[in-house]
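Enquirer: One file: entry_36.csv (CSV, C-alpha atoms).
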```
chain,number,residue,atom,x,y,z
A,123,MET,CA,184.5,-68.1,44.0
A,124,ASN,CA,181.1,-69.0,45.4
A,125,VAL,CA,179.8,-65.6,46.6
A,126,ASN,CA,176.6,-65.7,48.7
A,127,ARG,CA,176.5,-62.7,51.0
A,128,VAL,CA,178.0,-59.2,51.2
A,129,LYS,CA,178.0,-56.4,53.7
A,130,LEU,CA,178.4,-52.9,52.4
A,131,TYR,CA,179.2,-49.8,54.5
A,132,ASP,CA,176.9,-47.8,52.3
A,133,ALA,CA,174.2,-48.6,49.7
A,134,ASP,CA,176.1,-48.1,46.5
A,135,PRO,CA,173.6,-48.3,43.7
A,136,LYS,CA,176.3,-49.4,41.2
A,137,VAL,CA,177.0,-52.5,43.3
A,138,LEU,CA,173.4,-53.2,44.0
A,139,THR,CA,172.5,-52.9,40.3
A,140,ALA,CA,175.5,-55.1,39.2
A,141,PHE,CA,174.4,-57.9,41.4
A,142,ALA,CA,170.8,-58.0,40.4
A,143,ASN,CA,169.4,-61.5,39.6
A,144,THR,CA,172.6,-63.2,41.0
A,145,GLY,CA,171.1,-64.5,44.2
A,146,VAL,CA,173.8,-62.7,46.2
A,147,GLU,CA,172.5,-61.5,49.6
A,148,PHE,CA,173.3,-57.9,50.6
A,149,ILE,CA,173.4,-56.1,53.9
A,150,ILE,CA,173.5,-52.3,53.4
A,151,SER,CA,174.2,-49.5,55.8
A,152,VAL,CA,172.9,-46.1,56.9
A,153,GLY,CA,175.8,-43.8,57.9
A,154,ASN,CA,176.1,-42.3,61.4
A,155,GLU,CA,175.7,-38.9,59.8
A,156,ASN,CA,172.1,-39.7,58.9
A,157,LEU,CA,170.8,-40.9,62.3
A,158,GLN,CA,169.7,-37.6,63.9
A,159,THR,CA,167.9,-36.5,60.8
A,160,MET,CA,166.1,-39.8,60.5
A,161,ALA,CA,165.3,-39.8,64.2
A,162,THR,CA,163.6,-36.5,64.1
A,163,SER,CA,162.1,-36.7,60.6
A,164,PRO,CA,160.6,-40.0,59.6
A,165,GLY,CA,160.3,-38.6,56.1
A,166,ALA,CA,164.0,-38.8,55.8
A,167,ALA,CA,164.0,-42.5,56.5
A,168,ARG,CA,161.2,-43.0,54.0
A,169,GLN,CA,163.2,-41.1,51.4
A,170,TRP,CA,166.3,-43.2,52.1
A,171,VAL,CA,164.5,-46.5,51.8
A,172,ALA,CA,162.7,-45.3,48.7
A,173,GLN,CA,166.1,-44.4,47.1
A,174,HIS,CA,168.4,-47.2,48.4
A,175,VAL,CA,166.1,-50.2,48.9
A,176,GLN,CA,162.8,-50.1,47.0
A,177,PRO,CA,164.3,-49.7,43.4
A,178,PHE,CA,166.5,-52.8,43.8
A,179,ILE,CA,164.1,-55.3,45.3
A,180,PRO,CA,163.4,-58.0,44.4
A,181,ALA,CA,166.1,-58.3,41.7
A,182,THR,CA,168.8,-57.7,44.2
A,183,ARG,CA,168.5,-59.6,47.5
A,184,ILE,CA,168.7,-56.9,50.2
A,185,THR,CA,168.0,-58.7,53.4
A,186,GLY,CA,169.3,-56.3,56.1
A,187,ILE,CA,170.0,-52.7,56.9
A,188,ILE,CA,172.5,-51.7,59.5
A,189,VAL,CA,171.6,-48.3,60.9
A,190,GLY,CA,174.7,-46.7,62.4
A,191,ASN,CA,178.1,-48.2,63.3
A,192,GLU,CA,179.6,-48.2,66.8
A,193,VAL,CA,177.3,-45.4,67.9
A,194,LEU,CA,177.1,-46.4,71.6
A,195,GLY,CA,180.0,-45.8,74.0
A,196,ASN,CA,181.5,-42.8,72.0
A,197,ASN,CA,180.2,-40.1,74.5
A,198,ASP,CA,178.0,-38.7,71.8
A,199,THR,CA,174.7,-38.7,73.7
A,200,ALA,CA,172.7,-37.0,71.0
A,201,MET,CA,173.7,-39.6,68.4
A,202,ALA,CA,173.2,-42.4,71.0
A,203,ALA,CA,169.7,-41.1,71.8
A,204,SER,CA,168.9,-41.0,68.0
A,205,LEU,CA,169.9,-44.6,67.3
A,206,VAL,CA,166.7,-46.5,68.2
A,207,PRO,CA,164.3,-43.8,66.8
A,208,ALA,CA,166.3,-43.9,63.6
A,209,MET,CA,166.1,-47.7,63.5
A,210,GLN,CA,162.4,-47.5,64.1
A,211,ALA,CA,161.9,-44.9,61.4
A,212,VAL,CA,163.7,-47.2,58.9
A,213,TYR,CA,161.7,-50.2,60.0
A,214,ASP,CA,158.4,-48.2,59.7
A,215,ALA,CA,159.5,-47.1,56.2
A,216,LEU,CA,160.1,-50.7,55.2
A,217,ALA,CA,156.7,-51.8,56.7
A,218,ALA,CA,154.9,-49.1,54.7
A,219,LEU,CA,156.3,-50.7,51.6
A,220,GLY,CA,155.5,-54.2,52.7
A,221,LEU,CA,159.2,-55.0,53.1
A,222,SER,CA,159.7,-55.4,56.9
A,223,GLY,CA,159.3,-59.1,56.6
A,224,ARG,CA,162.0,-59.4,54.0
A,225,VAL,CA,164.6,-56.8,55.3
A,226,THR,CA,165.8,-56.7,58.9
A,227,VAL,CA,167.0,-53.6,60.7
A,228,SER,CA,169.8,-53.6,63.2
A,229,SER,CA,172.9,-51.6,64.2
A,230,ALA,CA,176.6,-52.7,64.7
A,231,HIS,CA,178.3,-52.2,68.1
A,232,SER,CA,181.9,-52.4,69.3
A,233,VAL,CA,182.4,-55.2,71.8
A,234,ASN,CA,183.5,-52.4,74.1
A,235,VAL,CA,179.9,-51.7,74.9
A,236,LEU,CA,180.4,-54.5,77.4
A,237,ALA,CA,181.7,-53.5,80.8
A,238,SER,CA,182.6,-57.1,81.6
A,239,SER,CA,183.2,-59.9,79.1
A,240,PHE,CA,185.3,-62.4,81.1
A,241,PRO,CA,184.3,-64.9,82.1
A,242,PRO,CA,181.6,-64.9,79.5
A,243,SER,CA,178.8,-65.6,82.0
A,244,SER,CA,179.6,-62.3,83.7
A,245,GLY,CA,178.9,-60.3,80.5
A,246,ALA,CA,177.3,-56.9,81.3
A,247,PHE,CA,176.8,-53.7,79.3
A,248,GLN,CA,178.5,-50.5,80.4
A,249,GLU,CA,176.5,-48.5,82.8
A,250,GLY,CA,176.7,-45.5,80.6
A,251,VAL,CA,175.1,-47.2,77.6
A,252,ALA,CA,172.4,-49.1,79.5
A,253,GLN,CA,169.7,-46.5,79.0
A,254,TYR,CA,170.2,-46.8,75.2
A,255,VAL,CA,170.6,-50.6,75.1
A,256,ARG,CA,167.3,-51.3,76.9
A,257,PRO,CA,165.1,-49.8,74.1
A,258,LEU,CA,167.4,-51.2,71.5
A,259,LEU,CA,166.9,-54.7,72.9
A,260,ASP,CA,163.2,-54.2,73.0
A,261,PHE,CA,163.3,-53.2,69.3
A,262,HIS,CA,165.3,-56.3,68.4
A,263,SER,CA,162.8,-58.5,70.3
A,264,LYS,CA,159.8,-56.9,68.7
A,265,THR,CA,161.2,-57.0,65.1
A,266,GLY,CA,163.1,-60.3,65.3
A,267,SER,CA,166.4,-58.7,64.3
A,268,PRO,CA,169.9,-59.7,65.6
A,269,PHE,CA,172.2,-57.8,67.9
A,270,LEU,CA,175.5,-57.1,66.0
A,271,ILE,CA,178.9,-56.8,67.4
A,272,ASN,CA,182.3,-55.9,66.0
A,273,ALA,CA,184.7,-58.2,67.8
A,274,TYR,CA,188.5,-58.2,67.3
A,275,PRO,CA,190.5,-60.6,69.5
A,276,PHE,CA,193.6,-59.0,67.9
A,277,PHE,CA,193.2,-55.9,70.1
A,278,ALA,CA,193.2,-58.0,73.3
A,279,TYR,CA,196.4,-59.7,72.2
A,280,LYS,CA,198.0,-56.5,71.0
A,281,GLY,CA,197.2,-54.8,74.3
A,282,SER,CA,198.5,-57.6,76.5
A,283,PRO,CA,200.6,-60.2,74.6
A,284,ALA,CA,202.2,-61.5,77.8
A,285,SER,CA,198.9,-62.5,79.4
A,286,VAL,CA,196.7,-63.4,76.4
A,287,SER,CA,197.4,-66.7,74.8
A,288,LEU,CA,198.1,-66.4,71.0
A,289,PRO,CA,196.7,-69.9,70.3
A,290,TYR,CA,193.5,-69.0,72.2
A,291,VAL,CA,192.9,-65.9,70.0
A,292,LEU,CA,193.9,-67.7,66.8
A,293,PHE,CA,191.6,-70.8,67.2
A,294,GLN,CA,194.7,-73.0,67.6
A,295,PRO,CA,194.9,-75.9,70.0
A,296,ASN,CA,195.1,-74.8,73.6
A,297,ALA,CA,194.0,-75.8,77.1
A,298,GLY,CA,191.0,-73.5,76.9
A,299,VAL,CA,189.3,-71.4,79.6
A,300,ARG,CA,186.6,-72.9,81.8
A,301,ASP,CA,183.5,-70.9,82.8
A,302,GLY,CA,181.4,-73.0,85.0
A,303,GLY,CA,180.5,-76.1,83.1
A,304,LEU,CA,181.5,-74.6,79.7
A,305,VAL,CA,185.0,-74.6,78.2
A,306,TYR,CA,186.1,-71.9,75.6
A,307,ASP,CA,189.0,-72.7,73.3
A,308,ASN,CA,188.9,-69.3,71.6
A,309,MET,CA,188.2,-65.7,72.5
A,310,LEU,CA,185.7,-64.8,69.8
A,311,TYR,CA,183.2,-67.4,71.0
A,312,ALA,CA,183.7,-66.1,74.6
A,313,GLN,CA,183.0,-62.6,73.4
A,314,ILE,CA,179.8,-63.7,71.6
A,315,ASP,CA,178.5,-65.5,74.7
A,316,ALA,CA,179.4,-62.5,76.9
A,317,VAL,CA,176.9,-60.5,74.8
A,318,TYR,CA,174.3,-63.2,75.3
A,319,ALA,CA,174.9,-63.0,79.0
A,320,ALA,CA,174.7,-59.2,79.0
A,321,MET,CA,171.4,-59.4,77.2
A,322,LYS,CA,170.0,-62.0,79.6
A,323,ALA,CA,170.9,-59.7,82.5
A,324,MET,CA,168.6,-57.1,80.8
A,325,GLY,CA,165.8,-59.7,80.5
A,326,HIS,CA,166.3,-60.8,77.0
A,327,THR,CA,167.0,-64.4,75.9
A,328,ASP,CA,165.1,-64.0,72.6
A,329,ILE,CA,167.7,-62.2,70.5
A,330,GLY,CA,170.4,-63.7,68.3
A,331,VAL,CA,174.0,-62.4,68.2
A,332,ARG,CA,175.9,-62.0,64.9
A,333,VAL,CA,179.5,-60.8,64.5
A,334,SER,CA,179.3,-57.9,62.1
A,335,GLU,CA,183.1,-57.5,61.9
A,336,THR,CA,186.1,-59.5,62.9
A,337,GLY,CA,189.5,-60.0,61.3
A,338,TRP,CA,193.2,-59.9,61.8
A,339,PRO,CA,195.8,-57.5,60.2
A,340,SER,CA,198.6,-58.9,58.1
A,341,LYS,CA,200.9,-56.0,59.0
A,342,GLY,CA,201.3,-53.3,61.7
A,343,ASP,CA,203.6,-50.8,63.3
A,344,GLU,CA,206.5,-51.9,65.4
A,345,ASP,CA,204.4,-51.8,68.6
A,346,GLU,CA,201.5,-53.7,67.1
A,347,VAL,CA,202.4,-57.2,68.4
A,348,GLY,CA,200.9,-60.0,66.4
A,349,ALA,CA,200.1,-58.1,63.3
A,350,THR,CA,201.6,-60.6,60.8
A,351,ALA,CA,200.5,-62.3,57.6
A,352,GLN,CA,201.0,-65.7,59.3
A,353,ASN,CA,198.7,-64.8,62.2
A,354,ALA,CA,196.1,-63.2,59.9
A,355,ALA,CA,196.0,-66.4,57.8
A,356,ALA,CA,195.7,-68.5,60.9
A,357,TYR,CA,192.9,-66.4,62.4
A,358,ASN,CA,190.8,-66.1,59.3
A,359,GLY,CA,191.5,-69.6,58.0
A,360,ASN,CA,190.7,-71.3,61.3
A,361,LEU,CA,187.6,-69.2,61.7
A,362,MET,CA,186.4,-70.2,58.3
A,363,GLN,CA,186.9,-73.8,59.1
A,364,ARG,CA,184.9,-73.5,62.3
A,365,ILE,CA,182.1,-71.8,60.4
A,366,ALA,CA,182.1,-74.5,57.7
A,367,MET,CA,181.6,-77.0,60.4
A,368,GLY,CA,178.4,-75.2,61.5
A,369,GLN,CA,179.7,-74.7,65.0
A,370,GLY,CA,177.9,-72.8,67.7
A,371,THR,CA,179.4,-71.3,70.8
A,372,PRO,CA,179.6,-73.3,74.1
A,373,LEU,CA,176.5,-71.4,75.4
A,374,LYS,CA,174.6,-71.8,72.1
A,375,PRO,CA,176.0,-75.0,70.6
A,376,SER,CA,173.0,-75.6,68.3
A,377,VAL,CA,173.1,-72.0,66.8
A,378,PRO,CA,175.8,-71.7,64.1
A,379,ILE,CA,177.8,-68.6,64.5
A,380,ASP,CA,177.2,-65.9,61.8
A,381,VAL,CA,180.3,-63.9,61.0
A,382,PHE,CA,181.3,-61.1,58.7
A,383,VAL,CA,185.1,-61.1,58.0
A,384,PHE,CA,186.7,-57.7,57.8
A,385,ALA,CA,188.0,-56.9,55.3
A,386,LEU,CA,188.0,-57.8,51.6
A,387,PHE,CA,190.7,-55.3,50.5
A,388,ASN,CA,193.6,-53.5,52.2
A,389,GLU,CA,192.7,-49.8,52.7
A,390,ASN,CA,195.9,-47.9,51.7
A,391,MET,CA,194.4,-44.5,52.5
A,392,LYS,CA,192.9,-45.2,55.9
A,393,PRO,CA,194.4,-43.1,58.7
A,394,GLY,CA,195.7,-44.5,62.0
A,395,PRO,CA,198.1,-47.3,62.8
A,396,ALA,CA,199.5,-49.4,60.0
A,397,SER,CA,197.3,-52.3,61.0
A,398,GLU,CA,194.2,-50.3,60.0
A,399,ARG,CA,195.4,-50.4,56.4
A,400,ASN,CA,196.2,-54.1,56.4
A,401,TYR,CA,193.1,-56.1,57.3
A,402,GLY,CA,192.4,-57.1,53.7
A,403,LEU,CA,192.3,-60.6,52.4
A,404,PHE,CA,193.3,-59.1,49.0
A,405,TYR,CA,195.4,-56.2,47.6
A,406,PRO,CA,193.5,-53.7,45.5
A,407,ASN,CA,194.8,-55.4,42.3
A,408,GLY,CA,193.0,-58.6,43.3
A,409,SER,CA,196.0,-60.7,44.4
A,410,PRO,CA,195.7,-62.4,47.8
A,411,VAL,CA,197.7,-60.9,50.6
A,412,TYR,CA,198.4,-64.4,52.0
A,413,ALA,CA,197.4,-68.0,51.3
A,414,ILE,CA,194.5,-69.1,53.4
A,415,ASN,CA,193.0,-72.5,54.2
A,416,ALA,CA,189.3,-71.8,54.4
A,417,GLY,CA,188.3,-75.4,54.8
A,418,THR,CA,184.8,-74.8,53.5
A,419,ALA,CA,182.7,-77.9,52.8
A,420,GLY,CA,183.5,-79.5,49.5
A,421,SER,CA,186.2,-77.0,48.6
A,422,GLY,CA,189.3,-79.1,48.9
A,423,ASP,CA,192.1,-77.9,51.0
A,424,GLY,CA,191.2,-74.2,50.5
A,425,GLY,CA,194.8,-73.2,50.3
A,426,GLY,CA,196.4,-70.5,48.1
A,427,SER,CA,195.6,-72.3,44.8
A,428,SER,CA,191.9,-72.4,45.6
A,429,VAL,CA,191.8,-68.8,46.6
A,430,GLY,CA,193.3,-67.9,43.2
A,431,ARG,CA,193.2,-64.4,41.7
A,432,PHE,CA,190.3,-62.3,42.9
A,433,ASP,CA,188.7,-59.9,40.4
A,434,PRO,CA,187.3,-56.8,42.2
A,435,TYR,CA,185.3,-55.9,39.2
A,436,SER,CA,183.3,-59.1,39.1
A,437,SER,CA,182.7,-59.9,42.8
A,438,GLN,CA,182.6,-58.1,46.1
A,439,SER,CA,182.9,-60.8,48.7
A,440,MET,CA,184.8,-63.8,49.9
A,441,PHE,CA,183.5,-67.2,49.1
A,442,SER,CA,181.5,-69.1,51.7
A,443,ALA,CA,180.3,-72.4,50.1
A,444,ALA,CA,178.2,-74.3,52.6
A,445,SER,CA,179.2,-72.1,55.5
A,446,ARG,CA,177.6,-69.0,56.7
A,447,LEU,CA,180.8,-67.0,56.3
A,448,VAL,CA,180.5,-63.6,54.6
A,449,ALA,CA,182.9,-60.8,54.1
A,450,VAL,CA,182.6,-57.1,54.4
A,451,ARG,CA,183.8,-54.3,52.1
A,452,ARG,CA,184.4,-50.8,53.3
A,453,ARG,CA,184.1,-48.1,50.6
A,454,LEU,CA,187.5,-46.7,49.9
A,455,SER,CA,188.5,-43.2,48.9
A,456,SER,CA,191.2,-44.7,46.7
A,457,LEU,CA,189.4,-47.5,45.0
A,458,THR,CA,186.2,-47.6,43.0
A,459,MET,CA,184.8,-51.1,43.0
A,460,LEU,CA,182.5,-51.1,40.0
```
Go ahead and render the structure in this file as structure tokens.

Expert:
Amino acid sequence: MNVNRVKLYDADPKVLTAFANTGVEFIISVGNENLQTMATSPGAARQWVAQHVQPFIPATRITGIIVGNEVLGNNDTAMAASLVPAMQAVYDALAALGLSGRVTVSSAHSVNVLASSFPPSSGAFQEGVAQYVRPLLDFHSKTGSPFLINAYPFFAYKGSPASVSLPYVLFQPNAGVRDGGLVYDNMLYAQIDAVYAAMKAMGHTDIGVRVSETGWPSKGDEDEVGATAQNAAAYNGNLMQRIAMGQGTPLKPSVPIDVFVFALFNENMKPGPASERNYGLFYPNGSPVYAINAGTAGSGDGGGSSVGRFDPYSSQSMFSAASRLVAVRRRLSSLTML
């Protein structure tokens, strides 16, 4: 497998050390539990960077830090108020070491921070998070970092299978949805452009949007309509083909979408609905959950034979070849990667 980029939900030193001098690009994360401390004590951010970033660069290509995950919209005002100060503290710590030009700082948000997302041109942030989004967008504009969203069309289909078109959410042929002069043939692109519209409504057209999580579960509870291996293979495979083509969204056709696919492995100890434990492309033993046609440039048909057996002890990500596709790995309580 051709591994080129990985997103971690932590900053595991074993992983970062193992991938030294490989050229693999890493995005690492600061947990929500650290935000308030970093926001009030810049020294805590400097210590985190000194421990989790500085020792591994340049041998390991750390190119981004995600500070917090889905902080906004959870009714935790103290944490929401800490987000931008914590991001600034991490950025300042990188700048003090001369690393701010090499490592970007961002945060990942649920697509539910939008109050409106359809049609995409009506995209707008929830009124309750607007006071936190404004300084966040100013930070992104100043530092040149992207706005990250966790977007799952599966949830829209699961919530209303009678009114949401399955081909539309799976990137399969469909009539599409018109928004003014633009036509959307899939929900993910519509969600991305809704974020662009929401940022424009707040005066920013200078910030890129990346999808920090998306995926489809291969199994679910009885009431989780659409959670099947067939649909998961279709969603991820069709998405990979789109990315391999260098596609942009209807609003930003010249900007290739940048997507992290969740998740690499099934998470057998994760609580919640059955779907939460079945987003993985692979089982913990390394065998694929389903055959997938990635369609990456120069990779042949990308079917089950090209996926082959995946060794979790020698790699941490899906292949991406010429595309900008990457995969994410959540740290599991039941599985040690390296």

Enquirer: Residues at most 8 Å from Phe387 (chain A), counting only C-alpha atoms, excluding those fewer than 2 positions away in the same chain, as a PDB file with C-alpha atoms, in the frame of the given file?

Expert:
```
ATOM      1  CA  ALA A 385     188.000 -56.900  55.300  1.00  0.00           C
ATOM      2  CA  GLU A 389     192.700 -49.800  52.700  1.00  0.00           C
ATOM      3  CA  TYR A 401     193.100 -56.100  57.300  1.00  0.00           C
ATOM      4  CA  GLY A 402     192.400 -57.100  53.700  1.00  0.00           C
ATOM      5  CA  LEU A 403     192.300 -60.600  52.400  1.00  0.00           C
ATOM      6  CA  PHE A 404     193.300 -59.100  49.000  1.00  0.00           C
ATOM      7  CA  TYR A 405     195.400 -56.200  47.600  1.00  0.00           C
ATOM      8  CA  PRO A 406     193.500 -53.700  45.500  1.00  0.00           C
ATOM      9  CA  ARG A 451     183.800 -54.300  52.100  1.00  0.00           C
TER      10      ARG A 451
END
```

Enquirer: Do a neighbour search on region 299-307 of chain A at 10 Å with all atoms listed in the file, toss out local chain neighbours closer than 6 positions, and write the hits as a VMD selection string.

Expert: chain A and resid 240 to 244 289 to 293 315 371 to 373

Enquirer: Can you write out the residues you just picked, keeping C-alpha atoms, as a short mmCIF file (atom, residue, chain, number, x, y, z; two decimals), in the coordinates of the input?

Expert:
```cif
data_model
loop_
_atom_site.label_atom_id
_atom_site.label_comp_id
_atom_site.auth_asym_id
_atom_site.auth_seq_id
_atom_site.Cartn_x
_atom_site.Cartn_y
_atom_site.Cartn_z
CA PHE A 240 185.30 -62.40 81.10
CA PRO A 241 184.30 -64.90 82.10
CA PRO A 242 181.60 -64.90 79.50
CA SER A 243 178.80 -65.60 82.00
CA SER A 244 179.60 -62.30 83.70
CA PRO A 289 196.70 -69.90 70.30
CA TYR A 290 193.50 -69.00 72.20
CA VAL A 291 192.90 -65.90 70.00
CA LEU A 292 193.90 -67.70 66.80
CA PHE A 293 191.60 -70.80 67.20
CA ASP A 315 178.50 -65.50 74.70
CA THR A 371 179.40 -71.30 70.80
CA PRO A 372 179.60 -73.30 74.10
CA LEU A 373 176.50 -71.40 75.40
#
```

Enquirer: Which residues, written as a ChimeraX atom specification, have at least one atom at most 12 Å from region 157-174 of chain A, with all atoms listed in the file counted and residues fewer than 4 positions away on the same chain left out?

Expert: /A:132-139,148-153,178-179,182,184,186-191,193,198-222,225,227,229

Enquirer: Pick out the closest residue to Met321 (chain A) from this set: A:Ser263, A:Asn296, A:Asn390, A:Asn154. Count all atoms listed in the file.

Expert: A:Ser263

Enquirer: From the options A:Arg224, A:Arg399, A:His326, A:Lys374, which residue's atoms come nearest to Leu386 (chain A), counting only C-alpha atoms?

Expert: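 Going through A:Arg224, A:Arg399, A:His326, A:Lys374 one by one, the smallest distance to Leu386 (chain A) is for A:Arg399.
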
Enquirer: Could you please determine the separation between CA of Ser376 (chain A) and CA of Phe277 (chain A) in Å, to one decimal place?

Expert: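 So the answer is 28.3 Å.
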
Enquirer: In Å, rounded to a single decimal, give me how far CA of Pro378 (chain A) is from CA of Met309 (chain A).

Expert: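 Going from CA of Met309 (chain A) over to CA of Pro378 (chain A) covers 16.1 Å.
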
Enquirer: Any idea what the distance is between CA of Thr336 (chain A) and CA of Leu310 (chain A)?

Expert: 8.7 Å

Enquirer: Could you check which of A:Pro177, A:Pro339, A:Gly348, A:Gly368 is closest to Pro283 (chain A), using only C-alpha atoms?

Expert: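 Looking at the shortest contact to Pro283 (chain A), the residue is A:Gly348.
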
Enquirer: Could you check the closest approach to Asp380 (chain A) for each of A:Gly337, A:Pro268, A:Pro410, A:Gly281 and tell me which residue wins, using all atoms listed in the file?

Expert: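 Under the stated criterion, the closest residue is A:Pro268.
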
Enquirer: With all atoms listed in the file counted, which protein, DNA or RNA residues have an atom no more than 8 Å from (171.2, -64.7, 69.0) in the file frame? Please answer as a list in words.

Expert: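 In the file's frame, the residues around the point are Pro268, Phe269, Tyr318, Asp328, Ile329, Gly330, Val331, Arg332 and Val377 of chain A.
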
Enquirer: May I have the residues within 9 Å of region 349-364 of chain A as a PyMOL selection string, using only C-alpha atoms and disregarding those fewer than 2 positions away in the same chain?

Expert: chain A and resi 276+280+288+291-294+336-343+346-347+366-370+379+383+397+400-401+403+411-419+424+442+445+447

Enquirer: How big is the axis-aligned box around all listed atoms of region 172-188 of chain A once 3 Å goes on each side, and where's its centre, in Å to one decimal, as lines of an AutoDock Vina configuration file?

Expert:
```
center_x = 167.6
center_y = -52.0
center_z = 50.6
size_x = 15.8
size_y = 21.2
size_z = 23.8
```
